[in-house]
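The next block holds one structure in the form of structure tokens; read it before the comments.
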Amino acid sequence: MSRKLLDLWVGVFVALGVASLLFLALKVGNLATANFSETYPLTANFVNIGGLKVRAPVKSAGVVVGRVGDIRFDPETYEAVVTFNIDGRYRFPKDTFALILTSGLLGEQYVGLDPGGDEAMLKAGEVIAKTQSAVVLEKLISQFMFNKASEGSSEK
Amino acid sequence: MPAGNLVEIKDLDFAYEDRPILDGISLEIPRGKVVAIMGGSGCGKTTLLRLIGGQLRPIRGDVLVDGQSVPQLANDELYALRRRMGMLFQFGALFTDISVFDNVAYQMREHTDLTEELIRDMVLMKLNAVGLRGAHQLMPAELSGGMARRVALARAIALDPMLIMYDEPFAGLDPISLGVIGQLIRKLNDALGATTIMVTHDIQESLLIVDFIYFMSDGKIVALGTPDEIRASKHPFVHQFVFAEADGPVPFHYPATPLAQELLGKGAHGRR
Amino acid sequence: MADDRQDSGAIVSAVASLGHRVNEALLRLGFATRFFLMLLIWSGQSFRRFNLTIREVYFSGFQSLLIIMVSGLFIGMVLGMQGYETLQRYGSADALGVLVALSLVRELGPVVAALLFASRAGSSITAEIGLMKATEQLTAMDMMAVNPIARVVAPRFWGGVISMPLLAALFSATGVFGGYLIGVVFIGVDEGAFWSQMQASVDFRYDIWSGIVKSFVFGIAVSLIAVFEGYDAVPTAEGVSSSIKGTVVKSALAILALDFVLTSFMFREA
């Protein structure tokens, strides 16, 4: 096995390996669509975050504009403090609504941003004032049952 | 040829784990001579070679090669010393993945800056000395036992060492190869002005070519002398060795209970 | 009376032999650590004379390509079949791409590729080194003032370390292709959904990078075990064959144990 031939085959091998890595990174994974642009943080307080997890998407008009960075519990207000990392290209008005939504009926939870009409924009590190907590399934069911019960009694 | 001893072993003790192998052994190898170290299997001959080559460290005592104390050498000093030694292993120990030529050229390529043309000439000369110049393209797997050993010999002398060591060079060879190797050992030693140490069982071949013989048994030197002295020796161990007697100081029987007791006594115990 | 003494003798000797075994194992572990340090110290030549290492990448890496790619393809196809069978019951067949990709990239790629590497390349490395030891080639090299660890052992180690992540990536890539082949081409899952859901759910840093780190760690473990077993082999035919068995078994255990440790670090619920 001459050295040149050896080098050739090893080169082929390494090329194949790197090509697979690139394939995995770009086609299988999200490296191509992952934005490397600067992100800025915004925070919001929620009474109940439901099943929201770190790295969950933050969407506006259905488009991913950021990711959930950090979730903490505030022991004084007894609320959840969630930090989002929003893509630097997008600015949101001060009266934006932050809601926790579910994708599909039983799917993963994500944050939706509903922009308001304010002209002043939220700056990095500022708090989104208007929030709507996650819909908790148990509360929904008990509400449904309560409504049904009161309907039944009002019919009598 | 400067006088004096190339190798000196002084009062050396060596044990492997718990088994003592060498017991206060002392010997001298004068420069320019061919010396044989003989003895039964397991008496410590090969261990001596390893101690001289610095692969093992003695528990007590010293090994001097060309005035340097081998156990005390640092790693690079030891390697520098080894470049002046050549060793022939029992079955050649050629590198099986490279050709005969590359085997002999190995040390030249590693330790010298010679050009490939010069190396080629030197390799062919060394192979010529052992009669295998025509085989330089072959792979070690294609060689017979005797040929492999000769190639290993060419490899051992590649850098014209001052000390050549042989570990059982005659083991398992046909009579022709025996004679060839024996002659080569003597001729190369004289031609290179080197010193040779041979560890071997083969008494007849050795008596023809060596200058001096040491006999070992149980980790000690029991007899020594020139070939003539050895042939005339009255020492029972030497006598048994030289005349290949079945029984003598080295017993025929492995230690066991006496035969009568074994055959008759066992019957009484065996049946309960 | 004599029976009691015999029984206690049996127990005592059993405990003694266990203690002896543990002692031996610890001694060997200590020796292995020293060996690893020596290996690192003498690794300079593997990079200065890089063709030594390249040669080993050829023998360990390139020559494992066939088994890695074929196995990857088959596993990907089986994942496709099994995954579809279960997912379609919940109407989630569109998530097949996600299932195949994540299974491969996070776990199966690094682990199975490492296991195959250990049995194919690892055992052959152990055999080579063990045989060189048994035929005194390593001793001869040492006597010719060439350090056998630098020349024979270290390049094989680094060749394995370089080859392993590449092989794991190849395994995962062919596996994804195998899943695609079965899922989309044969069964008829929607091609767009297959790839888009996969891309949406497989995160480079979290999933793929973790897989790469895993395969790198496995590469170090398997290569180290392979060269150590060869170097430490008893220099006889039985000794070498026993060392080869040791390489395959110990590598498998090490891979699975390390996988557990790494997975518990890397894939934690937020």
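Chain identifiers are assigned as A, B, and so on, following the order in which chains appear in the structure tokens; residues are numbered from 1 within each chain, and ligands are numbered from 1 in order of appearance.
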
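For region 26-43 of chain B, the residues within 6 Å (counting only C-alpha atoms, excluding itself and residues fewer than 2 positions away along the chain) are Gly4, Asn5, Leu6, Val7, Glu8, Ile9, Lys10, Asp11, Lys45, Gly193, Ala194, Thr195, Thr196, Ile197, Met198, Val199, Thr200, His201, Val210, Asp211, Phe212, Ile213, Tyr214, Phe215, Met216, Ser217, Asp218 and Gly219 of chain B.
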
Write to file, as a CSV table (one decimal), in the first residue's frame, the residues of the selection just made, with N, CA and C atoms.
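Result file again_20.csv:
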```
chain,number,residue,atom,x,y,z
B,4,GLY,N,40.9,-4.7,27.8
B,4,GLY,CA,39.9,-4.6,28.9
B,4,GLY,C,38.6,-5.2,28.5
B,5,ASN,N,37.7,-5.1,29.4
B,5,ASN,CA,36.4,-5.7,29.3
B,5,ASN,C,35.3,-4.8,28.7
B,6,LEU,N,34.6,-5.2,27.8
B,6,LEU,CA,33.5,-4.4,27.3
B,6,LEU,C,32.3,-4.5,28.3
B,7,VAL,N,32.0,-5.7,28.7
B,7,VAL,CA,30.9,-5.9,29.6
B,7,VAL,C,31.4,-6.5,30.9
B,8,GLU,N,30.9,-5.9,32.0
B,8,GLU,CA,31.3,-6.5,33.3
B,8,GLU,C,30.0,-6.6,34.1
B,9,ILE,N,29.8,-7.8,34.7
B,9,ILE,CA,28.7,-8.0,35.6
B,9,ILE,C,29.2,-8.3,37.0
B,10,LYS,N,28.8,-7.5,37.9
B,10,LYS,CA,29.4,-7.5,39.3
B,10,LYS,C,28.4,-8.0,40.3
B,11,ASP,N,28.5,-9.2,40.8
B,11,ASP,CA,27.8,-9.5,42.0
B,11,ASP,C,26.3,-9.3,41.9
B,45,LYS,N,20.0,-17.5,31.6
B,45,LYS,CA,20.9,-17.0,30.6
B,45,LYS,C,20.3,-15.8,29.8
B,193,GLY,N,35.2,-6.0,14.3
B,193,GLY,CA,35.9,-5.6,15.5
B,193,GLY,C,35.0,-5.5,16.7
B,194,ALA,N,34.0,-6.3,16.7
B,194,ALA,CA,33.0,-6.2,17.8
B,194,ALA,C,33.2,-7.2,18.8
B,195,THR,N,32.4,-7.2,19.8
B,195,THR,CA,32.4,-8.2,20.9
B,195,THR,C,31.1,-9.0,20.8
B,196,THR,N,31.1,-10.3,21.0
B,196,THR,CA,29.9,-11.1,20.9
B,196,THR,C,29.6,-11.9,22.1
B,197,ILE,N,28.3,-11.8,22.5
B,197,ILE,CA,27.9,-12.7,23.6
B,197,ILE,C,26.8,-13.6,23.0
B,198,MET,N,27.0,-14.9,23.3
B,198,MET,CA,26.0,-15.9,22.7
B,198,MET,C,25.4,-16.7,23.8
B,199,VAL,N,24.1,-16.7,23.9
B,199,VAL,CA,23.4,-17.5,24.9
B,199,VAL,C,22.9,-18.8,24.1
B,200,THR,N,23.4,-19.9,24.5
B,200,THR,CA,23.0,-21.1,23.7
B,200,THR,C,23.0,-22.4,24.4
B,201,HIS,N,22.4,-23.4,23.8
B,201,HIS,CA,22.5,-24.8,24.3
B,201,HIS,C,23.5,-25.6,23.5
B,210,VAL,N,33.8,-20.2,19.6
B,210,VAL,CA,34.0,-19.2,20.7
B,210,VAL,C,35.4,-19.1,21.2
B,211,ASP,N,35.6,-18.0,21.9
B,211,ASP,CA,36.9,-17.8,22.6
B,211,ASP,C,36.8,-18.3,24.1
B,212,PHE,N,35.6,-18.2,24.6
B,212,PHE,CA,35.5,-18.4,26.1
B,212,PHE,C,34.1,-18.9,26.4
B,213,ILE,N,33.9,-19.7,27.4
B,213,ILE,CA,32.6,-20.2,27.7
B,213,ILE,C,32.3,-20.0,29.2
B,214,TYR,N,31.1,-19.6,29.5
B,214,TYR,CA,30.7,-19.6,30.9
B,214,TYR,C,29.5,-20.6,31.1
B,215,PHE,N,29.6,-21.4,32.1
B,215,PHE,CA,28.5,-22.4,32.4
B,215,PHE,C,27.7,-21.9,33.6
B,216,MET,N,26.4,-21.9,33.4
B,216,MET,CA,25.5,-21.4,34.5
B,216,MET,C,24.6,-22.5,35.0
B,217,SER,N,24.3,-22.5,36.3
B,217,SER,CA,23.3,-23.4,36.8
B,217,SER,C,22.7,-22.8,38.0
B,218,ASP,N,21.4,-22.7,38.1
B,218,ASP,CA,20.7,-22.2,39.3
B,218,ASP,C,21.2,-20.8,39.6
B,219,GLY,N,21.4,-20.0,38.6
B,219,GLY,CA,21.7,-18.5,38.8
B,219,GLY,C,23.1,-18.3,39.2
```

6 Å contact set for region 123-137 of chain C, only C-alpha atoms, chain neighbours under 5 positions out, as a PyMOL selection string: (chain B and resi 93) or (chain C and resi 226-227+230-231+233+235-236+240+244)

Shell around Ala93 (chain C) at 7 Å using only C-alpha atoms, local window under 6 positions removed, as a ChimeraX atom specification: /C:84,87,189

Test item: chain C residues at most 8 Å from chain A, counting only C-alpha atoms, as a ChimeraX atom specification: /C:54-55,57-58,61-62,65,101,166-167,169-170,172-173,195,198-204,208,270

What would the file look like if the residues just selected were written as a PDB file, in the first residue's frame with N, CA and C atoms?
```pdb
ATOM      1  N   ILE C  54      -2.033   8.448   9.963  1.00  0.00           N
ATOM      2  CA  ILE C  54      -2.896   8.317   8.790  1.00  0.00           C
ATOM      3  C   ILE C  54      -3.050   6.855   8.411  1.00  0.00           C
ATOM      4  N   ARG C  55      -1.937   6.131   8.502  1.00  0.00           N
ATOM      5  CA  ARG C  55      -1.988   4.709   8.193  1.00  0.00           C
ATOM      6  C   ARG C  55      -3.003   4.007   9.092  1.00  0.00           C
ATOM      7  N   VAL C  57      -5.564   5.446  10.643  1.00  0.00           N
ATOM      8  CA  VAL C  57      -6.918   5.883  10.316  1.00  0.00           C
ATOM      9  C   VAL C  57      -7.443   5.058   9.145  1.00  0.00           C
ATOM     10  N   TYR C  58      -6.550   4.734   8.215  1.00  0.00           N
ATOM     11  CA  TYR C  58      -6.960   3.884   7.099  1.00  0.00           C
ATOM     12  C   TYR C  58      -7.422   2.527   7.603  1.00  0.00           C
ATOM     13  N   GLY C  61     -10.418   3.172  10.411  1.00  0.00           N
ATOM     14  CA  GLY C  61     -11.572   3.929   9.957  1.00  0.00           C
ATOM     15  C   GLY C  61     -12.077   3.495   8.599  1.00  0.00           C
ATOM     16  N   PHE C  62     -11.228   3.649   7.594  1.00  0.00           N
ATOM     17  CA  PHE C  62     -11.678   3.368   6.244  1.00  0.00           C
ATOM     18  C   PHE C  62     -12.142   1.931   6.102  1.00  0.00           C
ATOM     19  N   LEU C  65     -15.689   1.171   7.111  1.00  0.00           N
ATOM     20  CA  LEU C  65     -16.768   1.880   6.434  1.00  0.00           C
ATOM     21  C   LEU C  65     -17.915   0.959   6.045  1.00  0.00           C
ATOM     22  N   ALA C 101     -34.492  10.344  13.420  1.00  0.00           N
ATOM     23  CA  ALA C 101     -33.324  11.209  13.554  1.00  0.00           C
ATOM     24  C   ALA C 101     -32.839  11.300  14.990  1.00  0.00           C
ATOM     25  N   LEU C 166     -16.171  10.273  13.123  1.00  0.00           N
ATOM     26  CA  LEU C 166     -16.535  10.251  11.715  1.00  0.00           C
ATOM     27  C   LEU C 166     -17.424   9.056  11.415  1.00  0.00           C
ATOM     28  N   LEU C 167     -17.065   7.908  11.982  1.00  0.00           N
ATOM     29  CA  LEU C 167     -17.877   6.710  11.748  1.00  0.00           C
ATOM     30  C   LEU C 167     -19.265   6.864  12.358  1.00  0.00           C
ATOM     31  N   ALA C 169     -20.922   9.626  12.776  1.00  0.00           N
ATOM     32  CA  ALA C 169     -21.695  10.531  11.925  1.00  0.00           C
ATOM     33  C   ALA C 169     -22.189   9.804  10.683  1.00  0.00           C
ATOM     34  N   LEU C 170     -21.310   8.991  10.107  1.00  0.00           N
ATOM     35  CA  LEU C 170     -21.689   8.218   8.925  1.00  0.00           C
ATOM     36  C   LEU C 170     -22.830   7.265   9.243  1.00  0.00           C
ATOM     37  N   SER C 172     -25.130   7.573  11.605  1.00  0.00           N
ATOM     38  CA  SER C 172     -26.380   8.313  11.773  1.00  0.00           C
ATOM     39  C   SER C 172     -26.923   8.788  10.430  1.00  0.00           C
ATOM     40  N   ALA C 173     -26.024   9.273   9.577  1.00  0.00           N
ATOM     41  CA  ALA C 173     -26.484   9.797   8.289  1.00  0.00           C
ATOM     42  C   ALA C 173     -27.104   8.694   7.437  1.00  0.00           C
ATOM     43  N   TRP C 195     -39.139  15.579   6.622  1.00  0.00           N
ATOM     44  CA  TRP C 195     -37.943  16.392   6.786  1.00  0.00           C
ATOM     45  C   TRP C 195     -38.197  17.650   7.599  1.00  0.00           C
ATOM     46  N   MET C 198     -38.490  16.929  11.244  1.00  0.00           N
ATOM     47  CA  MET C 198     -37.169  16.539  11.729  1.00  0.00           C
ATOM     48  C   MET C 198     -36.324  17.780  11.974  1.00  0.00           C
ATOM     49  N   GLN C 199     -36.277  18.657  10.989  1.00  0.00           N
ATOM     50  CA  GLN C 199     -35.460  19.852  11.131  1.00  0.00           C
ATOM     51  C   GLN C 199     -35.923  20.709  12.281  1.00  0.00           C
ATOM     52  N   ALA C 200     -37.234  20.737  12.504  1.00  0.00           N
ATOM     53  CA  ALA C 200     -37.749  21.576  13.583  1.00  0.00           C
ATOM     54  C   ALA C 200     -37.409  21.017  14.951  1.00  0.00           C
ATOM     55  N   SER C 201     -37.258  19.711  15.043  1.00  0.00           N
ATOM     56  CA  SER C 201     -37.092  19.110  16.368  1.00  0.00           C
ATOM     57  C   SER C 201     -35.668  18.729  16.706  1.00  0.00           C
ATOM     58  N   VAL C 202     -34.795  18.617  15.725  1.00  0.00           N
ATOM     59  CA  VAL C 202     -33.422  18.211  16.019  1.00  0.00           C
ATOM     60  C   VAL C 202     -32.570  19.453  16.143  1.00  0.00           C
ATOM     61  N   ASP C 203     -32.096  19.709  17.327  1.00  0.00           N
ATOM     62  CA  ASP C 203     -31.301  20.899  17.568  1.00  0.00           C
ATOM     63  C   ASP C 203     -29.827  20.552  17.444  1.00  0.00           C
ATOM     64  N   PHE C 204     -29.080  21.393  16.738  1.00  0.00           N
ATOM     65  CA  PHE C 204     -27.665  21.060  16.530  1.00  0.00           C
ATOM     66  C   PHE C 204     -26.913  20.952  17.856  1.00  0.00           C
ATOM     67  N   ILE C 208     -27.234  16.955  18.154  1.00  0.00           N
ATOM     68  CA  ILE C 208     -26.145  16.482  17.300  1.00  0.00           C
ATOM     69  C   ILE C 208     -24.788  16.647  17.977  1.00  0.00           C
ATOM     70  N   ALA C 270     -35.337  20.309  31.367  1.00  0.00           N
ATOM     71  CA  ALA C 270     -35.015  21.644  31.895  1.00  0.00           C
ATOM     72  C   ALA C 270     -35.690  21.881  33.221  1.00  0.00           C
TER      73      ALA C 270
END
```

Interface residues on chain B facing chain C, 12 Å, only C-alpha atoms, written as an NGL selection string: :B and (49-56 or 75-97 or 103-111 or 152 or 155-159 or 161 or 164-165 or 167)

Please dump the current selection as a CSV table (one decimal), in the first residue's frame; keep N, CA and C atoms.
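File written: out-v7.csv
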```
chain,number,residue,atom,x,y,z
B,49,LEU,N,21.1,-11.5,29.3
B,49,LEU,CA,21.1,-10.6,28.1
B,49,LEU,C,20.2,-9.4,28.3
B,50,ARG,N,19.1,-9.6,28.9
B,50,ARG,CA,18.1,-8.5,29.1
B,50,ARG,C,18.7,-7.5,30.1
B,51,LEU,N,19.5,-8.0,31.1
B,51,LEU,CA,20.1,-7.1,32.0
B,51,LEU,C,21.1,-6.2,31.3
B,52,ILE,N,21.9,-6.9,30.5
B,52,ILE,CA,23.0,-6.2,29.8
B,52,ILE,C,22.4,-5.1,28.9
B,53,GLY,N,21.2,-5.5,28.2
B,53,GLY,CA,20.6,-4.5,27.3
B,53,GLY,C,19.7,-3.5,28.0
B,54,GLY,N,19.7,-3.6,29.3
B,54,GLY,CA,19.0,-2.5,30.1
B,54,GLY,C,17.5,-2.7,30.1
B,55,GLN,N,17.0,-3.9,29.7
B,55,GLN,CA,15.5,-4.1,29.7
B,55,GLN,C,15.0,-4.5,31.1
B,56,LEU,N,16.0,-5.0,31.9
B,56,LEU,CA,15.6,-5.3,33.3
B,56,LEU,C,16.6,-4.6,34.2
B,75,ASN,N,16.8,7.5,30.3
B,75,ASN,CA,16.2,6.9,29.1
B,75,ASN,C,16.9,7.2,27.8
B,76,ASP,N,17.3,8.5,27.6
B,76,ASP,CA,18.0,8.8,26.3
B,76,ASP,C,19.4,8.3,26.3
B,77,GLU,N,20.0,8.2,27.4
B,77,GLU,CA,21.4,7.6,27.5
B,77,GLU,C,21.3,6.2,27.2
B,78,LEU,N,20.3,5.5,27.7
B,78,LEU,CA,20.1,4.1,27.4
B,78,LEU,C,19.9,3.8,26.0
B,79,TYR,N,19.0,4.7,25.3
B,79,TYR,CA,18.8,4.5,23.9
B,79,TYR,C,20.1,4.8,23.1
B,80,ALA,N,20.9,5.7,23.6
B,80,ALA,CA,22.1,6.0,22.9
B,80,ALA,C,23.1,4.8,23.0
B,81,LEU,N,23.1,4.1,24.1
B,81,LEU,CA,23.9,2.9,24.3
B,81,LEU,C,23.4,1.8,23.4
B,82,ARG,N,22.0,1.7,23.3
B,82,ARG,CA,21.5,0.6,22.5
B,82,ARG,C,21.8,0.7,21.0
B,83,ARG,N,22.0,2.0,20.6
B,83,ARG,CA,22.3,2.1,19.2
B,83,ARG,C,23.7,1.5,18.9
B,84,ARG,N,24.5,1.3,19.9
B,84,ARG,CA,25.8,0.7,19.7
B,84,ARG,C,25.7,-0.8,19.9
B,85,MET,N,24.5,-1.4,20.2
B,85,MET,CA,24.4,-2.8,20.4
B,85,MET,C,23.5,-3.4,19.3
B,86,GLY,N,23.7,-4.6,19.0
B,86,GLY,CA,22.8,-5.3,18.1
B,86,GLY,C,22.4,-6.6,18.8
B,87,MET,N,21.1,-7.0,18.6
B,87,MET,CA,20.6,-8.2,19.3
B,87,MET,C,19.9,-9.1,18.3
B,88,LEU,N,20.2,-10.3,18.3
B,88,LEU,CA,19.5,-11.3,17.5
B,88,LEU,C,18.6,-12.1,18.4
B,89,PHE,N,17.3,-12.1,18.2
B,89,PHE,CA,16.3,-12.8,19.0
B,89,PHE,C,16.1,-14.2,18.5
B,90,GLN,N,15.6,-15.0,19.4
B,90,GLN,CA,15.5,-16.5,19.1
B,90,GLN,C,14.9,-16.8,17.8
B,91,PHE,N,13.8,-16.2,17.4
B,91,PHE,CA,13.1,-16.6,16.1
B,91,PHE,C,13.2,-15.4,15.2
B,92,GLY,N,14.2,-14.5,15.4
B,92,GLY,CA,14.4,-13.5,14.4
B,92,GLY,C,13.7,-12.2,14.8
B,93,ALA,N,12.4,-12.3,15.2
B,93,ALA,CA,11.6,-11.1,15.5
B,93,ALA,C,11.7,-10.0,14.5
B,94,LEU,N,11.6,-10.4,13.2
B,94,LEU,CA,11.6,-9.5,12.1
B,94,LEU,C,10.2,-8.8,12.1
B,95,PHE,N,10.2,-7.5,11.6
B,95,PHE,CA,8.9,-6.9,11.5
B,95,PHE,C,8.1,-7.4,10.4
B,96,THR,N,7.0,-8.1,10.7
B,96,THR,CA,6.4,-8.9,9.6
B,96,THR,C,5.6,-8.1,8.6
B,97,ASP,N,5.4,-6.8,8.9
B,97,ASP,CA,4.6,-6.0,7.9
B,97,ASP,C,5.5,-5.3,6.9
B,103,ASN,N,13.4,-4.1,6.8
B,103,ASN,CA,13.8,-4.5,8.1
B,103,ASN,C,15.3,-4.1,8.4
B,104,VAL,N,16.1,-4.4,7.4
B,104,VAL,CA,17.6,-4.1,7.6
B,104,VAL,C,17.8,-2.6,7.6
B,105,ALA,N,17.0,-1.9,6.8
B,105,ALA,CA,17.2,-0.5,6.7
B,105,ALA,C,16.6,0.3,7.9
B,106,TYR,N,15.8,-0.4,8.7
B,106,TYR,CA,15.1,0.2,9.8
B,106,TYR,C,15.9,1.2,10.6
B,107,GLN,N,17.0,0.6,11.2
B,107,GLN,CA,17.8,1.4,12.1
B,107,GLN,C,18.5,2.5,11.4
B,108,MET,N,18.9,2.2,10.1
B,108,MET,CA,19.6,3.3,9.4
B,108,MET,C,18.7,4.5,9.2
B,109,ARG,N,17.4,4.2,8.9
B,109,ARG,CA,16.5,5.3,8.6
B,109,ARG,C,16.1,6.0,9.9
B,110,GLU,N,16.0,5.2,11.0
B,110,GLU,CA,15.7,5.9,12.3
B,110,GLU,C,16.8,6.7,12.8
B,111,HIS,N,18.0,6.2,12.8
B,111,HIS,CA,19.1,6.8,13.6
B,111,HIS,C,20.1,7.6,12.8
B,152,ALA,N,17.7,-11.4,10.3
B,152,ALA,CA,17.7,-10.7,11.6
B,152,ALA,C,19.1,-10.4,12.0
B,155,ARG,N,20.1,-7.4,10.2
B,155,ARG,CA,19.5,-6.2,10.8
B,155,ARG,C,20.3,-5.9,12.1
B,156,ALA,N,20.7,-6.9,12.8
B,156,ALA,CA,21.4,-6.6,14.1
B,156,ALA,C,22.7,-5.9,13.9
B,157,ILE,N,23.4,-6.2,12.8
B,157,ILE,CA,24.7,-5.5,12.5
B,157,ILE,C,24.6,-4.3,11.6
B,158,ALA,N,23.3,-3.8,11.4
B,158,ALA,CA,23.1,-2.7,10.4
B,158,ALA,C,24.0,-1.5,10.8
B,159,LEU,N,24.1,-1.1,12.0
B,159,LEU,CA,24.9,0.1,12.4
B,159,LEU,C,26.2,-0.3,12.9
B,161,PRO,N,27.5,-2.4,15.2
B,161,PRO,CA,27.5,-2.2,16.7
B,161,PRO,C,28.8,-2.7,17.3
B,164,ILE,N,27.4,-7.4,20.0
B,164,ILE,CA,26.4,-8.2,19.4
B,164,ILE,C,25.9,-9.3,20.3
B,165,MET,N,24.6,-9.4,20.6
B,165,MET,CA,24.1,-10.4,21.5
B,165,MET,C,23.2,-11.4,20.7
B,167,ASP,N,20.5,-14.6,21.2
B,167,ASP,CA,19.7,-15.4,22.1
B,167,ASP,C,19.3,-16.7,21.4
```
